[in-house]
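Coordinates from data_29.tsv are shown below (TSV, C-alpha atoms).
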chain	number	residue	atom	x	y	z
A	233	MET	CA	14.04	3.36	-9.19
A	234	ARG	CA	17.40	2.56	-7.58
A	235	ALA	CA	18.73	6.02	-8.39
A	236	GLY	CA	15.71	7.62	-6.76
A	237	LEU	CA	15.97	5.43	-3.67
A	238	ALA	CA	19.67	6.21	-3.33
A	239	GLN	CA	18.75	9.88	-2.80
A	240	VAL	CA	16.40	9.13	0.11
A	241	PRO	CA	18.16	9.58	3.47
A	242	ALA	CA	18.14	6.47	5.65
A	243	SER	CA	16.67	8.49	8.50
A	244	SER	CA	13.47	9.14	6.51
A	245	GLU	CA	11.94	5.78	7.45
A	246	GLU	CA	8.75	5.95	9.46
A	247	TYR	CA	6.68	3.22	10.99
A	248	VAL	CA	2.97	3.53	11.67
A	249	ILE	CA	0.93	1.39	14.02
A	250	SER	CA	-2.80	1.56	13.50
A	251	LYS	CA	-5.51	0.15	15.74
A	252	GLY	CA	-9.19	0.10	14.96
A	253	GLU	CA	-8.87	1.48	11.44
A	254	PRO	CA	-9.11	-0.76	8.36
A	255	LEU	CA	-5.63	-1.40	6.94
A	256	SER	CA	-6.52	-0.21	3.44
A	257	GLN	CA	-7.85	3.11	4.77
A	258	MET	CA	-4.76	3.57	6.97
A	259	VAL	CA	-2.44	3.09	3.96
A	260	VAL	CA	-4.44	5.61	1.91
A	261	ASN	CA	-4.41	8.12	4.79
A	262	GLU	CA	-0.63	7.83	5.13
A	263	ALA	CA	-0.17	8.20	1.37
A	264	GLU	CA	-2.15	11.44	1.56
A	265	ARG	CA	-0.31	12.67	4.66
A	266	PHE	CA	3.07	12.20	2.93
A	267	PRO	CA	2.29	13.25	-0.63
A	268	ALA	CA	3.20	9.86	-2.06
A	269	ASP	CA	4.16	9.52	-5.71
A	270	LEU	CA	3.85	5.73	-5.71
A	271	LEU	CA	2.61	2.96	-3.42
A	272	VAL	CA	4.18	-0.50	-3.68
A	273	LEU	CA	2.09	-3.39	-2.37
A	274	GLY	CA	3.06	-7.02	-1.97
A	275	ALA	CA	0.03	-9.32	-2.24
A	276	ARG	CA	-0.44	-13.07	-2.04
A	277	ARG	CA	-2.59	-14.77	-4.63
A	278	ALA	CA	-6.01	-15.70	-3.30
A	279	SER	CA	-7.50	-19.16	-3.40
A	280	ALA	CA	-10.50	-19.74	-5.65
A	281	TYR	CA	-12.83	-19.42	-2.65
A	282	ALA	CA	-11.21	-16.26	-1.29
A	283	ALA	CA	-11.19	-14.65	-4.75
A	284	ASN	CA	-15.01	-14.67	-4.70
A	285	ALA	CA	-15.30	-13.24	-1.18
A	286	SER	CA	-15.58	-9.54	-0.34
A	287	PRO	CA	-12.90	-7.18	-1.71
A	288	LYS	CA	-9.57	-7.64	-0.04
A	289	ILE	CA	-7.12	-5.12	1.39
A	290	ALA	CA	-4.99	-4.76	-1.77
A	291	PHE	CA	-8.01	-4.10	-3.99
A	292	GLN	CA	-9.49	-1.59	-1.54
A	293	THR	CA	-6.15	0.20	-1.26
A	294	ILE	CA	-5.68	0.38	-5.04
A	295	ALA	CA	-9.22	1.67	-5.52
A	296	ALA	CA	-8.82	4.49	-3.00
A	297	ALA	CA	-5.15	5.39	-3.50
A	298	PRO	CA	-4.32	9.04	-4.26
A	299	CYS	CA	-1.39	7.98	-6.49
A	300	PRO	CA	-0.33	5.11	-8.76
A	301	VAL	CA	0.03	1.69	-7.12
A	302	LEU	CA	2.48	-1.03	-8.11
A	303	SER	CA	1.28	-4.40	-6.84
A	304	ILE	CA	3.54	-7.44	-6.80
A	305	SER	CA	1.96	-10.85	-6.30
A	306	SER	CA	3.55	-14.02	-5.05
Take the structure I supplied and represent it as structure tokens, if you would.
Amino acid sequence: MRAGLAQVPASSEEYVISKGEPLSQMVVNEAERFPADLLVLGARRASAYAANASPKIAFQTIAAAPCPVLSISS
């Protein structure tokens, strides 16, 4: 992974600000716009109550992603 990242020019960073669109859908749209090979998500562990609530952003993103997703939890 380090070797691959070393080849990416520093000027290739891009920031996206989204308003009014669900975060998970925005991430999927951007992954499709830039043909992403991999998405890396950082996710916090949910409490017992939150784990039984509606699907969260990380799950929705993984389910709809057009490429593999590596998720890292705290």
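Here the question is which of A:Leu255, A:Ile289, A:Val248, A:Val272 gets nearest to Leu302 of chain A using all atoms listed in the file, and that residue is A:Val272.
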Write out as a compact mmCIF listing (two decimals) with C-alpha atoms, keeping the file's coordinate frame each polymer residue whose atoms come within 8 Å of Ala297 of chain A, counting all atoms listed in the file; drop sequence neighbours fewer than 3 positions from it.
# COMPACT_ATOMS: atom_id res chain seq x y z
CA VAL A 260 -4.44 5.61 1.91
CA ALA A 263 -0.17 8.20 1.37
CA THR A 293 -6.15 0.20 -1.26
CA ILE A 294 -5.68 0.38 -5.04
CA PRO A 300 -0.33 5.11 -8.76
CA VAL A 301 0.03 1.69 -7.12
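Nearest residue to Leu273 of chain A, choosing from A:Gln292, A:Gln239, A:Asn261, A:Gly252 and counting all atoms listed in the file: A:Gln292.
Taking atom CA of Ser303 of chain A as the reference point, atom CA of Phe266 of chain A is found at 19.3 Å.
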- Item | Å distance separating atom CA of Ala295 of chain A from atom CA of Ala235 of chain A, one decimal place | 28.4 Å
- For the atom pair atom CA of Glu264 of chain A and atom CA of Lys288 of chain A, what is the interatomic distance in Å to one decimal place? 20.5 Å
